[in-house]
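Next up, run-v3.txt (compact mmCIF, C-alpha atoms and all ligand atoms):
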```txt
# COMPACT_ATOMS: atom_id res chain seq x y z
CA MET A 1 108.61 240.37 116.49
CA PHE A 2 108.79 244.11 116.83
CA ILE A 3 109.23 244.84 120.54
CA GLU A 4 106.51 247.51 120.61
CA LEU A 5 103.98 245.13 119.03
CA THR A 6 104.18 242.97 122.15
CA ASP A 7 102.21 245.74 123.92
CA GLN A 8 99.35 245.09 121.48
CA LEU A 9 99.12 241.33 122.02
CA ARG A 10 96.30 239.62 123.89
CA CYS A 11 95.83 236.09 125.14
CA PRO A 12 93.94 234.10 122.47
CA ALA A 13 91.99 232.09 125.07
CA ASP A 14 88.26 232.65 125.48
CA HIS A 15 88.40 234.72 128.65
CA GLU A 16 88.15 238.47 129.12
CA GLU A 17 90.68 240.31 127.01
CA ARG A 18 94.04 240.58 128.72
CA PHE A 19 97.49 241.54 127.46
CA LEU A 20 100.38 239.09 127.42
CA VAL A 21 103.53 239.68 129.46
CA LEU A 22 106.81 239.35 127.57
CA LEU A 23 109.93 237.69 128.95
CA PRO A 24 112.51 238.26 126.20
CA ASP A 25 115.52 235.93 125.94
CA ARG A 26 117.24 237.41 122.92
CA MET A 27 116.80 240.72 121.08
CA GLU A 28 118.26 242.02 117.82
CA GLY A 29 117.81 245.78 117.71
CA ARG A 30 114.11 246.34 118.36
CA SER A 31 113.14 242.81 117.34
CA VAL A 32 112.52 240.05 119.89
CA ARG A 33 114.05 236.86 118.49
CA THR A 34 113.33 234.39 121.27
CA GLY A 35 111.31 234.67 124.44
CA GLN A 36 108.10 233.78 126.17
CA LEU A 37 104.74 235.49 126.40
CA GLY A 38 102.58 234.67 129.38
CA CYS A 39 98.94 235.33 130.24
CA PRO A 40 98.31 236.64 133.78
CA ILE A 41 94.70 235.30 133.73
CA CYS A 42 94.94 231.70 132.51
CA GLY A 43 98.68 231.13 132.95
CA ARG A 44 99.23 229.93 129.39
CA THR A 45 102.63 230.63 127.88
CA PHE A 46 103.55 231.03 124.23
CA GLU A 47 107.03 230.75 122.76
CA LEU A 48 108.61 233.24 120.41
CA ALA A 49 111.03 231.33 118.16
CA ASP A 50 112.99 232.99 115.32
CA GLY A 51 110.87 236.03 116.13
CA VAL A 52 107.60 234.24 115.28
CA LEU A 53 104.67 233.89 117.67
CA ASP A 54 102.94 230.60 116.79
CA LEU A 55 99.72 229.98 118.72
CA GLY A 56 98.88 226.81 116.82
CA GLY A 57 95.67 226.23 114.88
CA ALA A 58 96.76 228.04 111.71
CA PRO A 59 94.90 226.67 108.68
CA ALA A 60 96.94 224.71 106.12
CA GLU A 61 98.29 226.78 103.25
CA GLY A 62 95.71 226.72 100.48
CA GLY A 63 97.86 227.74 97.53
CA TRP A 64 95.98 231.03 97.14
CA GLU A 65 97.56 234.21 95.85
CA SER A 66 96.34 237.71 96.50
CA VAL A 67 94.95 239.61 93.50
CA LEU A 68 95.94 242.83 95.25
CA ASP A 69 99.38 244.37 94.84
CA GLY A 70 101.04 246.73 97.31
CA ALA A 71 99.43 249.81 95.78
CA ALA A 72 95.94 248.28 95.91
CA LEU A 73 96.41 246.96 99.43
CA THR A 74 97.40 250.34 100.86
CA ALA A 75 94.84 252.29 98.80
CA LEU A 76 91.91 250.03 99.73
CA ALA A 77 92.92 250.10 103.39
CA GLY A 78 93.06 253.92 103.20
CA LEU A 79 96.52 254.13 104.76
CA HIS A 80 98.14 257.57 104.73
CA GLY A 81 101.03 258.70 106.87
CA PRO A 82 103.30 256.89 109.33
CA GLY A 83 102.58 255.23 112.66
CA GLY A 84 100.61 252.28 113.95
CA TYR A 85 100.19 248.76 112.66
CA PHE A 86 98.81 247.26 109.43
CA VAL A 87 97.82 243.58 109.48
CA LEU A 88 98.06 241.33 106.41
CA VAL A 89 96.41 237.94 106.84
CA GLY A 90 97.21 235.06 104.48
CA PRO A 91 98.36 235.61 100.87
CA PRO A 92 98.50 239.45 100.99
CA ALA A 93 101.25 239.07 103.61
CA ASP A 94 103.50 237.71 100.88
CA ARG A 95 103.45 241.21 99.32
CA TRP A 96 104.63 242.94 102.46
CA ARG A 97 107.72 244.47 100.82
CA GLU A 98 105.56 246.32 98.27
CA VAL A 99 103.35 247.54 101.10
CA ALA A 100 106.33 248.63 103.22
CA GLU A 101 107.66 250.79 100.37
CA ARG A 102 104.36 252.65 100.15
CA VAL A 103 103.74 253.22 103.86
CA PRO A 104 107.09 253.92 105.51
CA GLY A 105 106.74 254.23 109.27
CA VAL A 106 103.80 251.85 109.50
CA ALA A 107 104.72 248.59 111.27
CA LEU A 108 103.56 245.51 109.36
CA VAL A 109 102.14 242.36 110.89
CA ALA A 110 101.99 239.20 108.73
CA VAL A 111 99.53 236.57 109.95
CA ASN A 112 99.86 233.06 108.48
CA PRO A 113 102.03 234.11 105.51
CA SER A 114 103.62 231.48 103.28
CA ALA A 115 106.64 229.68 104.69
CA GLU A 116 109.10 231.84 102.72
CA VAL A 117 108.11 234.96 104.67
CA VAL A 118 110.40 235.26 107.70
CA ASP A 119 110.12 237.49 110.71
CA GLN A 120 112.57 240.41 110.67
CA GLU A 121 113.07 243.89 112.05
CA SER A 122 110.50 245.43 109.68
CA LEU A 123 107.95 242.59 109.71
CA SER A 124 106.36 240.77 112.64
CA VAL A 125 105.11 237.26 111.83
CA ILE A 126 102.27 235.62 113.78
CA ARG A 127 100.76 232.19 113.12
CA GLY A 128 97.55 230.84 114.56
CA GLY A 129 93.82 230.22 114.31
CA ARG A 130 92.80 233.73 115.40
CA LEU A 131 94.26 237.22 115.85
CA PRO A 132 96.02 237.54 119.24
CA LEU A 133 95.78 241.33 119.03
CA ARG A 134 94.08 243.83 121.29
CA SER A 135 90.68 245.15 120.31
CA HIS A 136 90.62 248.49 118.47
CA SER A 137 94.40 248.62 118.10
CA MET A 138 95.27 248.29 114.38
CA ARG A 139 95.19 250.86 111.54
CA GLY A 140 93.90 248.36 109.01
CA VAL A 141 93.44 244.65 108.35
CA VAL A 142 93.48 242.81 105.02
CA LEU A 143 92.08 239.27 104.90
CA GLY A 144 93.27 237.29 101.88
CA ARG A 145 91.69 234.03 100.73
CA PRO A 146 90.31 232.01 102.35
CA TYR A 147 90.12 234.28 105.43
CA GLY A 148 88.13 237.09 103.77
CA GLY A 149 85.20 234.72 103.21
CA GLU A 150 85.20 233.21 106.70
CA PRO A 151 82.91 234.96 109.22
CA ALA A 152 85.08 234.03 112.23
CA TRP A 153 88.10 235.78 110.70
CA VAL A 154 86.01 238.75 109.59
CA ARG A 155 84.83 239.11 113.21
CA GLU A 156 88.42 239.02 114.42
CA ALA A 157 89.49 241.68 111.90
CA SER A 158 86.52 243.83 112.87
CA ARG A 159 87.41 243.49 116.55
CA VAL A 160 91.06 244.53 116.21
CA VAL A 161 90.73 247.45 113.79
CA LEU A 162 90.61 250.98 115.21
CA PRO A 163 87.15 252.60 115.15
CA GLY A 164 86.31 254.00 111.72
CA LEU A 165 89.31 252.42 110.00
CA ARG A 166 89.09 249.74 107.35
CA VAL A 167 88.95 246.01 106.87
CA VAL A 168 89.59 244.66 103.34
CA GLY A 169 88.66 241.11 102.38
CA GLU A 170 89.11 238.79 99.42
CA GLY A 171 86.13 236.43 99.23
CA ALA A 172 82.38 236.44 99.70
CA ASP A 173 80.78 239.58 101.14
CA PRO A 174 81.17 239.79 104.94
CA PRO A 175 78.30 239.34 107.44
CA PRO A 176 76.29 242.61 107.48
CA ASP A 177 76.09 242.59 111.27
CA VAL A 178 79.91 242.72 111.45
CA ILE A 179 81.03 245.01 108.61
CA ASP A 180 79.52 248.16 107.11
CA LEU A 181 80.40 247.66 103.47
CA MET A 182 81.84 250.66 101.62
CA ALA A 183 82.50 248.91 98.31
CA THR A 184 82.70 245.49 96.74
CA ALA A 185 83.99 244.44 93.30
CA ASP A 186 85.51 241.35 91.70
CA GLY A 187 85.62 239.33 94.90
CA VAL A 188 87.20 242.09 96.99
CA TRP A 189 85.28 244.04 99.64
CA VAL A 190 86.13 247.06 101.79
CA GLY A 191 84.33 248.18 104.90
CA THR A 192 84.48 249.43 108.45
CA ALA A 193 83.68 247.55 111.64
CA LYS A 194 80.08 247.81 112.76
CA ARG A 195 79.93 249.02 116.38
ZN ZN B 1 94.88 233.66 128.95
```
Would you write out, as structure tokens, the structure that this file holds?
Ligand SMILES: [Zn+2]
Amino acid sequence: MFIELTDQLRCPADHEERFLVLLPDRMEGRSVRTGQLGCPICGRTFELADGVLDLGGAPAEGGWESVLDGAALTALAGLHGPGGYFVLVGPPADRWREVAERVPGVALVAVNPSAEVVDQESLSVIRGGRLPLRSHSMRGVVLGRPYGGEPAWVREASRVVLPGLRVVGEGADPPPDVIDLMATADGVWVGTAKR
């Protein structure tokens, strides 16, 4: 996990949003390889192992593949220029190298990627049943299948994306009270978070 991303993490428990405090054990460059993250409100702790934050509750791998390549992922998310974080949930995370080539200087976060995708200096891997990220903190979120068709995940993506920036989903159209749709075609939708 990229050390600076730890400033953008929140406790996944259902209490008021609060950041997690990092106690690193081992670093490689700017990547935390092992350590603990603790919540000052509820006292829960989460382990970082091989750089991965695993909160538990990640859905089983469904054998889906993303129909979007790196060019489509970055274009639909409207990413231009360096800085910030781009979140790829599910199958699109498997294409992170293509994305990284197109948006140098944007830190990538892979949520529930396939098992072959390993955490490394240029990619932070998170596993779990929700997004343990601060509200309004990310430059874009892509939800692959099945996440793009699941209202709970669409709500999470809408919560974490920066105001006015985009959420992309593969699946059924998102709830209209959560996402302002900009476009939808062939099972892929693009929108902004409704505030
Ligand atoms: Zn907590």
Self-check item: stretch 44-51 of chain A surroundings by all atoms listed in the file, 9 Å radius, close-in-sequence under 3 positions cut, as number ranges by chain
Solution: A: 1-2, 11, 13, 20, 24, 31-41, 54-55, 118-120, 124-126
C-alpha atoms of the current selection, written as an mmCIF file, in the frame of the given file:
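In the end it all went to selection_33.cif:
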```
data_model
loop_
_atom_site.group_PDB
_atom_site.id
_atom_site.type_symbol
_atom_site.label_atom_id
_atom_site.label_comp_id
_atom_site.auth_asym_id
_atom_site.auth_seq_id
_atom_site.Cartn_x
_atom_site.Cartn_y
_atom_site.Cartn_z
ATOM 1 C CA MET A 1 108.610 240.370 116.490
ATOM 2 C CA PHE A 2 108.790 244.110 116.830
ATOM 3 C CA CYS A 11 95.830 236.090 125.140
ATOM 4 C CA ALA A 13 91.990 232.090 125.070
ATOM 5 C CA LEU A 20 100.380 239.090 127.420
ATOM 6 C CA PRO A 24 112.510 238.260 126.200
ATOM 7 C CA SER A 31 113.140 242.810 117.340
ATOM 8 C CA VAL A 32 112.520 240.050 119.890
ATOM 9 C CA ARG A 33 114.050 236.860 118.490
ATOM 10 C CA THR A 34 113.330 234.390 121.270
ATOM 11 C CA GLY A 35 111.310 234.670 124.440
ATOM 12 C CA GLN A 36 108.100 233.780 126.170
ATOM 13 C CA LEU A 37 104.740 235.490 126.400
ATOM 14 C CA GLY A 38 102.580 234.670 129.380
ATOM 15 C CA CYS A 39 98.940 235.330 130.240
ATOM 16 C CA PRO A 40 98.310 236.640 133.780
ATOM 17 C CA ILE A 41 94.700 235.300 133.730
ATOM 18 C CA ASP A 54 102.940 230.600 116.790
ATOM 19 C CA LEU A 55 99.720 229.980 118.720
ATOM 20 C CA VAL A 118 110.400 235.260 107.700
ATOM 21 C CA ASP A 119 110.120 237.490 110.710
ATOM 22 C CA GLN A 120 112.570 240.410 110.670
ATOM 23 C CA SER A 124 106.360 240.770 112.640
ATOM 24 C CA VAL A 125 105.110 237.260 111.830
ATOM 25 C CA ILE A 126 102.270 235.620 113.780
#
```
Exercise. Compute the distance from (87.6, 235.8, 98.4) to each atom, counting all atoms listed in the file, keep the residues with any atom at most 12 Å away, and return them as an MDAnalysis selection string; use the coordinates of the file.
Key: chainID A and resid 64:68 90:92 142:151 154 168:174 184:190
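Of the residues under consideration (A:Glu101, A:Asp69, A:Glu28, A:Glu116), A:Glu28 shows the shortest atom-to-atom contact distance to A:Ile3 when counting only C-alpha atoms.
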Exercise. State, in Å with one decimal place, the distance from atom CA of A:Thr192 to atom CA of A:Gly164.
Key: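 The value is 5.9 Å.
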Practice problem: Check the smallest atom-to-atom distance from each of A:Val52, A:Gly83, A:Thr74, A:Pro132 to ligand ZN 1 (chain B) using only C-alpha atoms and all ligand atoms, then report the winner. | Solution: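 Among A:Val52, A:Gly83, A:Thr74, A:Pro132, it is A:Pro132 that comes nearest to ligand ZN 1 (chain B).
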Quiz item: Please, which residues are within 10 Å of (97.0, 225.4, 119.1) by the file's coordinates, counting only C-alpha atoms, and could they come as number ranges by chain?
Solution: A: 12, 54-58, 127-129
Quiz item: What is the atom CA of A:Val161 to atom CA of A:His136 distance in Å?
Solution: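 Computing the Euclidean distance for atom CA of A:Val161 and atom CA of A:His136 yields 4.8 Å.
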Quiz item: What does the distance from atom CA of A:Glu121 to atom CA of A:Gly29 come to in Å, to one decimal?
Solution: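 Computing the Euclidean distance for atom CA of A:Glu121 and atom CA of A:Gly29 yields 7.6 Å.
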Practice problem: Using all atoms listed in the file, pick whichever of A:Cys42, A:Asp25, A:Leu133, A:Glu156 has the shortest atom-to-atom distance to ligand ZN 1 (chain B). | Solution: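 Result for the nearest residue to ligand ZN 1 (chain B): A:Cys42.
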Exercise. Could you check which of A:Ala100, A:Arg18, A:Thr6, A:Arg166 is closest to ligand ZN 1 (chain B), using only C-alpha atoms and all ligand atoms?
Key: A:Arg18
Quiz item: So, counting all atoms listed in the file, which residue among A:Ala152, A:Ala60, A:Ala72, A:Leu9 is closest to ligand ZN 1 (chain B)?
Solution: A:Leu9
